Structures are given as C-alpha cells and as structure tokens.
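Asker: Dropping a structure here in structure tokens format, bear with me for questions.
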Amino acid sequence: MLARFTPRSRRETRATVLENLLRSGGAFRPTIARETNLTEASVSRILTELRNETLIQETRQSAPYPGGPTALVTLSNNVALAGIELSNSRLSFGIGDPSGALNYVERLPTSPHLDQGEFERLFAESVRTMRDWSAHRGTVIRQAALSIPGYGRAAGNPIYPWDMDRLRNFLAGTLDGVPVALTNSVIAQAAFHRYSNTTKYPVSGDHLFLFVGHGVAGVIVDESAPVDAFSAVEIGHMVIERDGLPCRCGHKGCVEAYTSLRAIAKIIGVADSAVLSRGDSFIETLVLDQGVHDTLRERLFTLGLGLGNALNLHPLSSVVISGWPSLMPEEDRKAITEGLNESLLGGFDESRLALSFIAPSIGNDPRAALYYAAYCFVRGGGLDAKADPRAALEEIA
C-alpha cells in the first residue's frame, strides 16, 4: 500500500524554511531544500515570497565548493522582536532581531517574592519606555515572548503564584496588539542554546535539556521538528525521599529541595542572589572545605537519581545539563553519573547515554526570551497573527 501523502500548508512550509534559517544562521538554497525536504523549486518560490515581505535577505557569498551557489540566505535583521524575562531577581526587556542581537535593553531589579501587582506596575512602565523607543525609530515589533520561572505547571506556579487569566488580559491590554507568547525559564534557555550561534552546543540530536537554577526543570528538544520542538517535563518536584527536606511546592523530599540554587546557596553560605551576581565562575571564587564539597557531591548524586528516573519514563540517548552543576569541577560532576547508575534501568552506560554540560550564561537576560520570540515568529511562518496566550500554555503544559 502506498503511503498517504499529506501536503504541507503555506504556513507550515514557510515555517520550515524560516526555522531552518534561524537554526543555521544562514544557508544556501540547495542546503535549505535538502534539510527541509522541499524541492528546490518550492524553496525558490517560498524565498521569493519571504524576500518580498522583507523577512529574509541574500548576500553575495560563494559556497565552499566549486560551482556552488553564490547567494547566502539569512533572516532579515529588520524583523524586530521583543524578549522579556523575569529571572534572577530582575525584570529585563529587550528588542532585537532573529540573530539575537539586542538593540534595546532595560533591566529592573525586583524582589525575589515579586507580587503580581508590582510586576504589572514595573511592566507597564517599561513597556511605555520601550514603545517610545520603538516609535522614535519606526520599529514595529512583530512578536514578543515573556519568560516566567515555573510558568505552565498544571497545578499552578509555586514560584510566582499569580492569576494567569489576569496576567493574559493584562499583557493583551498593555502590549497593544503585539503577539506575545508565554513560556518558562527552561524552555527559553533551550531556545537560546538551540538558536544561538555564539555557543557551541554539545549535541545535535534529540535530547533532554536540564536546567538547574532556582528550580529544576527539563525540556525534551526534538531536533528534527521545526515546530513544536520543545516539550517540558517536570523533574524538580519528583519526590525522592519520603518526609525529606521541605519544598516550596508544599511537599517534602523533592529533587528541587536538595539540588536547586537556593538549596545549594545554604550549603556554601552565600545568598542565591549573590551567587548569581558572581556569574558563571562563582564556584571558582569560593574557598570550600572538604565537608562542603562532599555535601555538594551528595546533592549532585541526588540530581542523578532524579534524572535516571525521568529517563526511565522517557528514554533518550543524550542529556545536556546547565546551571550550577555545569560549573562544578569534572571530578565532582561524576556524582551525577553515580546517581544515574543507581536509578537508570540497566545502569549508566556511556555507549547508550551521552551526558554533557553547558554553562548557564548567567546575566544574558533577556536574550533567552528573545530567541524564544524568534522561534514563535518563525513557527507561525512569519505571518501576522493575534496573540493567543492559551496556545502558549498548551505548548509547555
């Protein structure tokens, strides 16, 4: 029986081409056709359409082989996007383009226990400033994204327990028609590492991206998918010790209660806000005695236990870990594999599970949200659409 062929819609084909350009940073037409499984004629038609809409640009550059094409296709730097992040006790706003370049940045300090009313006040003031900046330069923002730690949990957000319907209505009224997508910190970070060409990412296939910060969260990254590439998974509130340490979710013994940045800050005797202010080298700036090192290794072992159990539920061959564990010495990080070995079905085996680490790039906000905005823009095929925050919630629930 012949397989049924389902033609892709105009939006889907445009999204496939645009996402390929976002991920590659630029490509020649034959490469785009090969990687998107489209004919060169289809690619040519789509690129003509996108060029007429000023969504792409072509620059003269010879292919790295004789007789190849001489026009490199990239996303246009005239496409304006807004990234907004609430992270590390500050609210950050940025306007930039799909390359990740920020042309406008404002960062406001906030309380780690920011309430919804104060958030709305700060947000509204910053949006007015951002709108004035854009109007003065004739910039039209095509897509915005807001990253909030803990957003998308079906049972509510233990980090910022806000009224989500109120938040959506507030954003729709304040951003004045600009499409906005809501996401959480781990998906924004995954988008940053997927699309930023300034970082060397350690894997190229499907994998679990695990971010250990104020919370512990994961996202399954489908590298073959131009749309719906990110699927969040809950790891931090996996209970690994009955009647263990209290967690802010109300339970005891959660992975987060032992391995989050807040839990680690207590061990090393430095406030979590101070840890973050020291950047990616904060471990190197501390003088830790052997007892503290042993305790940190024990917490890394606990992280490995939780990770192994997560992989038992959804097997993957690659895991990338970012956050404070990636900044620890390699010898200490081996405790994670020891935890994996005790919980992962069949034990840890390097031949079937690749474990990689990548620095969290502390202080780069709001670039992660900017890249997520770029992802949302290309996923929609670059076509103008009204914001639907409920759809954004469905992506990551």
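Please note that chains go A, B, ... in the order of the structure tokens, that every chain numbers its residues from 1, and that ligands are numbered from 1 in the order shown.
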Kindly assemble as JSON lines a list of the region 42-154 of chain A residues that lie within 12 Å of region 12-18 of chain A, each paired with its nearest atom pair and their distance in Å to one decimal, using only C-alpha atoms, sorted first by chain and then by ascending residue number.
Answerer:
{"residue": "A:Ser42", "atom": "CA", "partner": "A:Thr13", "partner_atom": "CA", "distance": 8.8}
{"residue": "A:Val43", "atom": "CA", "partner": "A:Val17", "partner_atom": "CA", "distance": 7.7}
{"residue": "A:Ser44", "atom": "CA", "partner": "A:Val17", "partner_atom": "CA", "distance": 10.6}
{"residue": "A:Arg45", "atom": "CA", "partner": "A:Arg14", "partner_atom": "CA", "distance": 10.1}
{"residue": "A:Ile46", "atom": "CA", "partner": "A:Arg14", "partner_atom": "CA", "distance": 6.5}
{"residue": "A:Leu47", "atom": "CA", "partner": "A:Val17", "partner_atom": "CA", "distance": 8.3}
{"residue": "A:Thr48", "atom": "CA", "partner": "A:Arg14", "partner_atom": "CA", "distance": 11.1}
{"residue": "A:Glu49", "atom": "CA", "partner": "A:Arg14", "partner_atom": "CA", "distance": 9.2}
{"residue": "A:Leu50", "atom": "CA", "partner": "A:Arg14", "partner_atom": "CA", "distance": 8.1}
{"residue": "A:Arg51", "atom": "CA", "partner": "A:Leu18", "partner_atom": "CA", "distance": 11.4}
{"residue": "A:Leu55", "atom": "CA", "partner": "A:Leu18", "partner_atom": "CA", "distance": 8.8}
{"residue": "A:Ile56", "atom": "CA", "partner": "A:Leu18", "partner_atom": "CA", "distance": 8.5}
{"residue": "A:Gln57", "atom": "CA", "partner": "A:Leu18", "partner_atom": "CA", "distance": 11.7}
{"residue": "A:Val73", "atom": "CA", "partner": "A:Leu18", "partner_atom": "CA", "distance": 10.2}
{"residue": "A:Thr74", "atom": "CA", "partner": "A:Leu18", "partner_atom": "CA", "distance": 8.9}
{"residue": "A:Leu75", "atom": "CA", "partner": "A:Leu18", "partner_atom": "CA", "distance": 7.4}
{"residue": "A:Ser76", "atom": "CA", "partner": "A:Leu18", "partner_atom": "CA", "distance": 10.5}
{"residue": "A:Pro98", "atom": "CA", "partner": "A:Leu18", "partner_atom": "CA", "distance": 10.3}
Asker: Can you pull out every residue within 10 Å of Thr302 (chain A), counting only C-alpha atoms, but drop anything in the same chain fewer than 2 positions away, and send it as a PDB file with N, CA and C atoms, in the first residue's frame?
Answerer:
ATOM      1  N   ILE A 240      11.967  12.109  45.975  1.00  0.00           N
ATOM      2  CA  ILE A 240      12.964  11.040  46.036  1.00  0.00           C
ATOM      3  C   ILE A 240      13.295  10.645  47.479  1.00  0.00           C
ATOM      4  N   GLU A 241      12.676  11.321  48.461  1.00  0.00           N
ATOM      5  CA  GLU A 241      12.872  10.932  49.853  1.00  0.00           C
ATOM      6  C   GLU A 241      11.618  11.249  50.659  1.00  0.00           C
ATOM      7  N   CYS A 254      11.414  16.596  47.589  1.00  0.00           N
ATOM      8  CA  CYS A 254      11.513  16.805  46.137  1.00  0.00           C
ATOM      9  C   CYS A 254      12.971  16.984  45.716  1.00  0.00           C
ATOM     10  N   VAL A 255      13.261  16.643  44.472  1.00  0.00           N
ATOM     11  CA  VAL A 255      14.604  16.848  43.918  1.00  0.00           C
ATOM     12  C   VAL A 255      15.020  18.308  44.078  1.00  0.00           C
ATOM     13  N   GLU A 256      14.100  19.230  43.813  1.00  0.00           N
ATOM     14  CA  GLU A 256      14.416  20.660  43.901  1.00  0.00           C
ATOM     15  C   GLU A 256      14.856  21.073  45.295  1.00  0.00           C
ATOM     16  N   TYR A 258      16.654  19.649  47.291  1.00  0.00           N
ATOM     17  CA  TYR A 258      18.043  19.269  47.549  1.00  0.00           C
ATOM     18  C   TYR A 258      19.028  19.886  46.558  1.00  0.00           C
ATOM     19  N   THR A 259      18.579  20.167  45.349  1.00  0.00           N
ATOM     20  CA  THR A 259      19.545  20.494  44.288  1.00  0.00           C
ATOM     21  C   THR A 259      19.364  21.868  43.661  1.00  0.00           C
ATOM     22  N   LEU A 296      28.040  18.880  48.437  1.00  0.00           N
ATOM     23  CA  LEU A 296      27.659  19.222  47.065  1.00  0.00           C
ATOM     24  C   LEU A 296      27.657  17.979  46.180  1.00  0.00           C
ATOM     25  N   ARG A 297      28.615  17.106  46.368  1.00  0.00           N
ATOM     26  CA  ARG A 297      28.649  15.864  45.593  1.00  0.00           C
ATOM     27  C   ARG A 297      27.413  15.006  45.919  1.00  0.00           C
ATOM     28  N   GLU A 298      27.032  15.000  47.184  1.00  0.00           N
ATOM     29  CA  GLU A 298      25.838  14.252  47.573  1.00  0.00           C
ATOM     30  C   GLU A 298      24.598  14.803  46.878  1.00  0.00           C
ATOM     31  N   ARG A 299      24.528  16.136  46.760  1.00  0.00           N
ATOM     32  CA  ARG A 299      23.386  16.760  46.072  1.00  0.00           C
ATOM     33  C   ARG A 299      23.421  16.458  44.575  1.00  0.00           C
ATOM     34  N   LEU A 300      24.611  16.410  43.996  1.00  0.00           N
ATOM     35  CA  LEU A 300      24.727  16.038  42.583  1.00  0.00           C
ATOM     36  C   LEU A 300      24.302  14.586  42.374  1.00  0.00           C
ATOM     37  N   GLY A 304      21.317  13.076  39.995  1.00  0.00           N
ATOM     38  CA  GLY A 304      21.448  11.924  39.107  1.00  0.00           C
ATOM     39  C   GLY A 304      20.354  10.899  39.324  1.00  0.00           C
ATOM     40  N   LEU A 305      19.958  10.693  40.585  1.00  0.00           N
ATOM     41  CA  LEU A 305      18.858   9.771  40.878  1.00  0.00           C
ATOM     42  C   LEU A 305      17.576  10.223  40.192  1.00  0.00           C
ATOM     43  N   GLY A 306      17.239  11.504  40.364  1.00  0.00           N
ATOM     44  CA  GLY A 306      16.029  12.032  39.740  1.00  0.00           C
ATOM     45  C   GLY A 306      16.096  11.962  38.233  1.00  0.00           C
ATOM     46  N   LEU A 307      17.258  12.285  37.663  1.00  0.00           N
ATOM     47  CA  LEU A 307      17.435  12.254  36.217  1.00  0.00           C
ATOM     48  C   LEU A 307      17.263  10.840  35.677  1.00  0.00           C
ATOM     49  N   GLY A 308      17.848   9.852  36.373  1.00  0.00           N
ATOM     50  CA  GLY A 308      17.709   8.466  35.927  1.00  0.00           C
ATOM     51  C   GLY A 308      16.271   8.013  35.921  1.00  0.00           C
ATOM     52  N   ALA A 335      29.508  12.504  40.367  1.00  0.00           N
ATOM     53  CA  ALA A 335      28.477  12.042  41.300  1.00  0.00           C
ATOM     54  C   ALA A 335      27.126  11.922  40.593  1.00  0.00           C
ATOM     55  N   ILE A 336      26.896  12.724  39.549  1.00  0.00           N
ATOM     56  CA  ILE A 336      25.640  12.622  38.800  1.00  0.00           C
ATOM     57  C   ILE A 336      25.555  11.273  38.108  1.00  0.00           C
ATOM     58  N   GLU A 338      27.001   8.598  39.040  1.00  0.00           N
ATOM     59  CA  GLU A 338      26.816   7.588  40.080  1.00  0.00           C
ATOM     60  C   GLU A 338      25.339   7.470  40.453  1.00  0.00           C
ATOM     61  N   GLY A 339      24.647   8.629  40.555  1.00  0.00           N
ATOM     62  CA  GLY A 339      23.215   8.602  40.818  1.00  0.00           C
ATOM     63  C   GLY A 339      22.443   7.978  39.670  1.00  0.00           C
ATOM     64  N   LEU A 340      22.840   8.310  38.444  1.00  0.00           N
ATOM     65  CA  LEU A 340      22.215   7.694  37.264  1.00  0.00           C
ATOM     66  C   LEU A 340      22.374   6.183  37.296  1.00  0.00           C
TER      67      LEU A 340
END
Asker: Considering only C-alpha atoms, state which residue in the set A:Leu86, A:Leu182, A:Ile358, A:Leu175 is at the smallest distance from Tyr372 (chain A).
Answerer: A:Leu182
Asker: Region 188-195 of chain A: which residues within 6 Å, counting only C-alpha atoms, same-chain residues fewer than 4 positions away excluded, as a list in words?
Answerer: Arg23, Ala368, Ala369, Tyr371 and Tyr372 of chain A
Asker: Could you give me the residues within region 2-248 of chain A that DSSP places in strand (DSSP E or B), as a ChimeraX atom specification?
Answerer: /A:27,56-60,71-75,80-87,90-96,102-109,141-147,180-183,207-212,216-221,230-234,239,246
Asker: Within 10 Å of region 102-116 of chain A, counting only C-alpha atoms, which residues qualify if same-chain residues fewer than 3 places away don't, as a PDB file with N, CA and C atoms, in the first residue's frame?
Answerer:
ATOM      1  N   ALA A  80      11.845  42.934  13.915  1.00  0.00           N
ATOM      2  CA  ALA A  80      12.017  43.321  15.318  1.00  0.00           C
ATOM      3  C   ALA A  80      11.209  42.408  16.233  1.00  0.00           C
ATOM      4  N   LEU A  81      11.873  41.932  17.273  1.00  0.00           N
ATOM      5  CA  LEU A  81      11.279  41.030  18.255  1.00  0.00           C
ATOM      6  C   LEU A  81      11.528  41.578  19.649  1.00  0.00           C
ATOM      7  N   ALA A  82      10.665  41.216  20.588  1.00  0.00           N
ATOM      8  CA  ALA A  82      10.848  41.644  21.974  1.00  0.00           C
ATOM      9  C   ALA A  82      10.963  40.424  22.878  1.00  0.00           C
ATOM     10  N   GLY A  83      12.002  40.417  23.698  1.00  0.00           N
ATOM     11  CA  GLY A  83      12.184  39.371  24.692  1.00  0.00           C
ATOM     12  C   GLY A  83      12.086  39.977  26.082  1.00  0.00           C
ATOM     13  N   ILE A  84      11.299  39.350  26.938  1.00  0.00           N
ATOM     14  CA  ILE A  84      11.095  39.857  28.297  1.00  0.00           C
ATOM     15  C   ILE A  84      11.289  38.693  29.262  1.00  0.00           C
ATOM     16  N   GLU A  85      12.161  38.867  30.244  1.00  0.00           N
ATOM     17  CA  GLU A  85      12.453  37.789  31.191  1.00  0.00           C
ATOM     18  C   GLU A  85      12.320  38.270  32.625  1.00  0.00           C
ATOM     19  N   LEU A  86      11.692  37.436  33.418  1.00  0.00           N
ATOM     20  CA  LEU A  86      11.699  37.610  34.861  1.00  0.00           C
ATOM     21  C   LEU A  86      12.599  36.517  35.408  1.00  0.00           C
ATOM     22  N   SER A  87      13.797  36.892  35.845  1.00  0.00           N
ATOM     23  CA  SER A  87      14.753  35.891  36.310  1.00  0.00           C
ATOM     24  C   SER A  87      15.820  36.566  37.162  1.00  0.00           C
ATOM     25  N   ASN A  88      16.357  35.778  38.087  1.00  0.00           N
ATOM     26  CA  ASN A  88      17.492  36.249  38.893  1.00  0.00           C
ATOM     27  C   ASN A  88      17.218  37.596  39.563  1.00  0.00           C
ATOM     28  N   SER A  89      16.004  37.750  40.085  1.00  0.00           N
ATOM     29  CA  SER A  89      15.601  38.958  40.826  1.00  0.00           C
ATOM     30  C   SER A  89      15.697  40.224  39.983  1.00  0.00           C
ATOM     31  N   ARG A  90      15.357  40.099  38.706  1.00  0.00           N
ATOM     32  CA  ARG A  90      15.232  41.300  37.884  1.00  0.00           C
ATOM     33  C   ARG A  90      14.315  41.020  36.701  1.00  0.00           C
ATOM     34  N   LEU A  91      13.695  42.082  36.226  1.00  0.00           N
ATOM     35  CA  LEU A  91      12.808  42.038  35.077  1.00  0.00           C
ATOM     36  C   LEU A  91      13.523  42.739  33.926  1.00  0.00           C
ATOM     37  N   SER A  92      13.760  41.988  32.843  1.00  0.00           N
ATOM     38  CA  SER A  92      14.557  42.502  31.732  1.00  0.00           C
ATOM     39  C   SER A  92      13.724  42.604  30.457  1.00  0.00           C
ATOM     40  N   PHE A  93      13.898  43.702  29.741  1.00  0.00           N
ATOM     41  CA  PHE A  93      13.229  43.937  28.469  1.00  0.00           C
ATOM     42  C   PHE A  93      14.296  44.115  27.388  1.00  0.00           C
ATOM     43  N   GLY A  94      14.035  43.559  26.214  1.00  0.00           N
ATOM     44  CA  GLY A  94      14.967  43.751  25.114  1.00  0.00           C
ATOM     45  C   GLY A  94      14.257  43.741  23.780  1.00  0.00           C
ATOM     46  N   ILE A  95      14.764  44.517  22.850  1.00  0.00           N
ATOM     47  CA  ILE A  95      14.287  44.497  21.470  1.00  0.00           C
ATOM     48  C   ILE A  95      15.485  44.135  20.598  1.00  0.00           C
ATOM     49  N   GLY A  96      15.281  43.166  19.731  1.00  0.00           N
ATOM     50  CA  GLY A  96      16.377  42.739  18.878  1.00  0.00           C
ATOM     51  C   GLY A  96      15.860  42.081  17.618  1.00  0.00           C
ATOM     52  N   ASP A  97      16.738  41.348  16.949  1.00  0.00           N
ATOM     53  CA  ASP A  97      16.373  40.678  15.706  1.00  0.00           C
ATOM     54  C   ASP A  97      16.601  39.175  15.850  1.00  0.00           C
ATOM     55  N   PRO A  98      16.258  38.370  14.839  1.00  0.00           N
ATOM     56  CA  PRO A  98      16.372  36.912  14.965  1.00  0.00           C
ATOM     57  C   PRO A  98      17.795  36.398  15.196  1.00  0.00           C
ATOM     58  N   SER A  99      18.802  37.219  14.942  1.00  0.00           N
ATOM     59  CA  SER A  99      20.180  36.784  15.179  1.00  0.00           C
ATOM     60  C   SER A  99      20.528  36.802  16.661  1.00  0.00           C
ATOM     61  N   PHE A 119       4.609  43.544  39.700  1.00  0.00           N
ATOM     62  CA  PHE A 119       5.052  43.141  38.366  1.00  0.00           C
ATOM     63  C   PHE A 119       4.324  43.962  37.305  1.00  0.00           C
ATOM     64  N   GLU A 120       3.027  44.087  37.437  1.00  0.00           N
ATOM     65  CA  GLU A 120       2.247  44.823  36.441  1.00  0.00           C
ATOM     66  C   GLU A 120       2.664  46.289  36.386  1.00  0.00           C
ATOM     67  N   ARG A 121       2.971  46.876  37.545  1.00  0.00           N
ATOM     68  CA  ARG A 121       3.401  48.276  37.565  1.00  0.00           C
ATOM     69  C   ARG A 121       4.732  48.441  36.838  1.00  0.00           C
ATOM     70  N   LEU A 122       5.705  47.589  37.159  1.00  0.00           N
ATOM     71  CA  LEU A 122       7.013  47.664  36.512  1.00  0.00           C
ATOM     72  C   LEU A 122       6.899  47.388  35.018  1.00  0.00           C
ATOM     73  N   PHE A 123       6.104  46.392  34.677  1.00  0.00           N
ATOM     74  CA  PHE A 123       5.939  46.003  33.276  1.00  0.00           C
ATOM     75  C   PHE A 123       5.334  47.141  32.467  1.00  0.00           C
ATOM     76  N   SER A 126       7.824  49.974  31.878  1.00  0.00           N
ATOM     77  CA  SER A 126       8.877  49.613  30.925  1.00  0.00           C
ATOM     78  C   SER A 126       8.347  49.506  29.515  1.00  0.00           C
ATOM     79  N   THR A 129       8.228  52.926  27.981  1.00  0.00           N
ATOM     80  CA  THR A 129       9.561  53.362  27.553  1.00  0.00           C
ATOM     81  C   THR A 129       9.974  52.634  26.274  1.00  0.00           C
ATOM     82  N   MET A 130       9.703  51.331  26.232  1.00  0.00           N
ATOM     83  CA  MET A 130      10.048  50.526  25.062  1.00  0.00           C
ATOM     84  C   MET A 130       9.262  50.984  23.837  1.00  0.00           C
ATOM     85  N   TRP A 133      10.742  54.229  22.528  1.00  0.00           N
ATOM     86  CA  TRP A 133      11.998  53.944  21.811  1.00  0.00           C
ATOM     87  C   TRP A 133      11.689  53.419  20.408  1.00  0.00           C
ATOM     88  N   SER A 134      10.724  52.506  20.318  1.00  0.00           N
ATOM     89  CA  SER A 134      10.376  51.908  19.026  1.00  0.00           C
ATOM     90  C   SER A 134       9.763  52.938  18.082  1.00  0.00           C
ATOM     91  N   ILE A 159       6.505  29.292  42.237  1.00  0.00           N
ATOM     92  CA  ILE A 159       7.474  30.378  42.314  1.00  0.00           C
ATOM     93  C   ILE A 159       6.764  31.725  42.302  1.00  0.00           C
ATOM     94  N   TYR A 160       5.878  31.920  41.345  1.00  0.00           N
ATOM     95  CA  TYR A 160       5.072  33.131  41.263  1.00  0.00           C
ATOM     96  C   TYR A 160       3.603  32.706  41.171  1.00  0.00           C
ATOM     97  N   PRO A 161       2.932  32.562  42.298  1.00  0.00           N
ATOM     98  CA  PRO A 161       1.543  32.059  42.309  1.00  0.00           C
ATOM     99  C   PRO A 161       0.541  33.135  41.901  1.00  0.00           C
ATOM    100  N   TRP A 162       0.595  33.524  40.640  1.00  0.00           N
ATOM    101  CA  TRP A 162      -0.245  34.603  40.143  1.00  0.00           C
ATOM    102  C   TRP A 162      -1.509  34.066  39.483  1.00  0.00           C
ATOM    103  N   ASP A 163      -2.436  34.978  39.228  1.00  0.00           N
ATOM    104  CA  ASP A 163      -3.662  34.678  38.498  1.00  0.00           C
ATOM    105  C   ASP A 163      -3.334  34.744  36.998  1.00  0.00           C
ATOM    106  N   MET A 164      -3.334  33.590  36.324  1.00  0.00           N
ATOM    107  CA  MET A 164      -2.913  33.547  34.927  1.00  0.00           C
ATOM    108  C   MET A 164      -3.899  34.236  33.985  1.00  0.00           C
ATOM    109  N   ARG A 166      -5.723  36.803  34.696  1.00  0.00           N
ATOM    110  CA  ARG A 166      -5.453  38.226  34.891  1.00  0.00           C
ATOM    111  C   ARG A 166      -4.177  38.628  34.151  1.00  0.00           C
ATOM    112  N   LEU A 167      -3.146  37.769  34.202  1.00  0.00           N
ATOM    113  CA  LEU A 167      -1.884  38.076  33.519  1.00  0.00           C
ATOM    114  C   LEU A 167      -2.094  38.167  32.016  1.00  0.00           C
ATOM    115  N   SER A 273      21.128  35.212  45.502  1.00  0.00           N
ATOM    116  CA  SER A 273      21.256  36.413  44.681  1.00  0.00           C
ATOM    117  C   SER A 273      22.724  36.804  44.516  1.00  0.00           C
ATOM    118  N   ASP A 365      20.186  37.670  30.209  1.00  0.00           N
ATOM    119  CA  ASP A 365      18.805  38.062  30.001  1.00  0.00           C
ATOM    120  C   ASP A 365      18.723  39.465  29.379  1.00  0.00           C
ATOM    121  N   PRO A 366      17.775  39.684  28.465  1.00  0.00           N
ATOM    122  CA  PRO A 366      16.670  38.800  28.088  1.00  0.00           C
ATOM    123  C   PRO A 366      16.888  38.061  26.773  1.00  0.00           C
ATOM    124  N   ARG A 367      18.102  37.637  26.480  1.00  0.00           N
ATOM    125  CA  ARG A 367      18.369  37.008  25.179  1.00  0.00           C
ATOM    126  C   ARG A 367      17.646  35.671  25.031  1.00  0.00           C
ATOM    127  N   LEU A 370      14.294  36.441  23.932  1.00  0.00           N
ATOM    128  CA  LEU A 370      14.345  36.957  22.563  1.00  0.00           C
ATOM    129  C   LEU A 370      14.406  35.810  21.561  1.00  0.00           C
TER     130      LEU A 370
END
Asker: To one decimal in Å, tell me the separation between CA of Val178 (chain A) and CA of Ala145 (chain A).
Answerer: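 CA of Ala145 (chain A) lies at a distance of 9.9 Å from CA of Val178 (chain A).
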Asker: Skipping near chain neighbours, those fewer than 5 positions away, what residues fall within 10 Å of Ser224 (chain A) using only C-alpha atoms, listed as a PyMOL selection string?
Answerer: chain A and resi 35-36+204-206+229
Asker: Please, could you write that set of residues out with all heavy atoms as a tab-separated table (two decimals), in the first residue's frame?
Answerer:
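Contents of out-v5.tsv, as written:
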chain	number	residue	atom	x	y	z
A	35	GLU	N	17.64	20.05	3.69
A	35	GLU	CA	17.35	19.92	5.12
A	35	GLU	C	15.87	20.08	5.46
A	35	GLU	O	15.44	19.66	6.54
A	35	GLU	CB	18.17	20.95	5.89
A	35	GLU	CG	19.67	20.68	5.83
A	35	GLU	CD	20.48	21.65	6.66
A	35	GLU	OE1	19.89	22.63	7.16
A	35	GLU	OE2	21.70	21.42	6.80
A	36	THR	N	15.09	20.67	4.57
A	36	THR	CA	13.66	20.84	4.82
A	36	THR	C	12.80	19.84	4.06
A	36	THR	O	11.57	19.83	4.20
A	36	THR	CB	13.21	22.26	4.44
A	36	THR	OG1	13.47	22.48	3.04
A	36	THR	CG2	13.93	23.31	5.27
A	204	SER	N	23.63	17.19	18.73
A	204	SER	CA	22.92	17.61	17.53
A	204	SER	C	21.59	16.86	17.35
A	204	SER	O	20.81	17.21	16.49
A	204	SER	CB	23.80	17.38	16.29
A	204	SER	OG	24.19	16.01	16.20
A	205	GLY	N	21.35	15.82	18.15
A	205	GLY	CA	20.13	15.05	18.01
A	205	GLY	C	19.14	15.34	19.13
A	205	GLY	O	19.34	16.23	19.97
A	206	ASP	N	18.05	14.56	19.15
A	206	ASP	CA	17.04	14.73	20.20
A	206	ASP	C	17.68	14.50	21.57
A	206	ASP	O	18.51	13.60	21.74
A	206	ASP	CB	15.91	13.72	20.00
A	206	ASP	CG	15.15	13.95	18.70
A	206	ASP	OD1	15.43	14.95	18.02
A	206	ASP	OD2	14.30	13.11	18.36
A	229	ALA	N	9.02	22.08	18.86
A	229	ALA	CA	10.32	21.47	19.12
A	229	ALA	C	10.58	21.23	20.60
A	229	ALA	O	11.45	20.44	20.95
A	229	ALA	CB	11.43	22.35	18.54
Asker: Could you check the closest approach to Asn78 (chain A) for each of A:Arg352, A:His293, A:Arg137, A:Arg379 and tell me which residue wins, using only C-alpha atoms?
Answerer: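 Under the stated criterion, the closest residue is A:Arg137.
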Asker: Please measure the separation of CA of Ala27 (chain A) and CA of Asn197 (chain A), giving the value in Å to one decimal.
Answerer: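 That distance, rounded to one decimal, is 13.3 Å.
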Asker: So that I can check the secondary structure, give me every residue of region 84-122 of chain A assigned helix (DSSP H, G or I) by backbone DSSP, as a list in words.
Answerer: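 In region 84-122 of chain A, DSSP puts these residues in helix (DSSP H, G or I): Gln116, Gly117, Glu118, Phe119, Glu120, Arg121 and Leu122 of chain A.
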Asker: Give me, as a ChimeraX atom specification, all polymer residues having an atom no more than 10 Å from region 264-272 of chain A, counting only C-alpha atoms and skipping those fewer than 2 positions away in the same chain.
Answerer: /A:88-89,213-214,257-262,274-277,283,286-289,291-293,295-296,299,324
Asker: Report the distance between CA of Leu316 (chain A) and CA of Val212 (chain A) in Å, rounded to one decimal place.
Answerer: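 So the two atoms, CA of Leu316 (chain A) and CA of Val212 (chain A), lie 18.8 Å apart.
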Asker: So that I can see what lies close to Val186 (chain A), please list as an MDAnalysis selection string the residues with an atom at most 12 Å from it, counting only C-alpha atoms and leaving out residues fewer than 5 positions away in the same chain.
Answerer: chainID A and resid 85 87 147:152 191:193 208:221 230:236 320:323 360 368:369 372 396
Asker: With C-alpha atoms retained, could you export that selection as a CSV table (one decimal), in the first residue's frame?
Answerer:
chain,number,residue,atom,x,y,z
A,85,GLU,CA,12.5,37.8,31.2
A,87,SER,CA,14.8,35.9,36.3
A,147,SER,CA,9.6,34.1,30.3
A,148,ILE,CA,8.5,33.4,33.8
A,149,PRO,CA,10.1,30.8,36.1
A,150,GLY,CA,7.7,28.0,36.9
A,151,TYR,CA,5.1,29.0,34.2
A,152,GLY,CA,3.0,26.3,32.7
A,191,ALA,CA,15.6,28.0,22.7
A,192,PHE,CA,18.7,30.2,23.4
A,193,HIS,CA,21.1,27.2,23.1
A,208,LEU,CA,16.8,16.2,27.3
A,209,PHE,CA,17.9,19.7,28.4
A,210,LEU,CA,18.0,20.0,32.1
A,211,PHE,CA,18.3,23.4,33.8
A,212,VAL,CA,19.2,23.6,37.5
A,213,GLY,CA,18.6,27.1,38.9
A,214,HIS,CA,16.1,28.4,41.3
A,215,GLY,CA,14.1,25.4,40.2
A,216,VAL,CA,15.0,22.1,38.5
A,217,ALA,CA,13.2,21.7,35.2
A,218,GLY,CA,13.7,19.8,31.9
A,219,VAL,CA,12.6,20.1,28.3
A,220,ILE,CA,12.8,17.4,25.6
A,221,VAL,CA,14.2,19.0,22.5
A,230,PHE,CA,10.1,21.9,22.9
A,231,SER,CA,8.2,19.7,25.3
A,232,ALA,CA,8.6,20.5,29.0
A,233,VAL,CA,8.9,17.7,31.6
A,234,GLU,CA,8.6,18.1,35.4
A,235,ILE,CA,11.7,16.8,37.3
A,236,GLY,CA,12.2,19.2,40.2
A,320,VAL,CA,22.6,18.3,28.4
A,321,ILE,CA,22.8,19.9,31.9
A,322,SER,CA,23.0,23.6,32.5
A,323,GLY,CA,23.0,25.6,35.7
A,360,PRO,CA,24.2,28.7,32.1
A,368,ALA,CA,16.8,33.6,26.0
A,369,ALA,CA,13.3,35.2,25.8
A,372,TYR,CA,12.0,32.1,22.1
A,396,ILE,CA,4.5,23.6,27.6
Asker: Under the rule that only C-alpha atoms are counted, which of A:Leu245, A:Ala374, A:Leu313, A:Ala359 is the nearest residue to Lys200 (chain A)?
Answerer: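 Nearest to Lys200 (chain A): A:Ala359.
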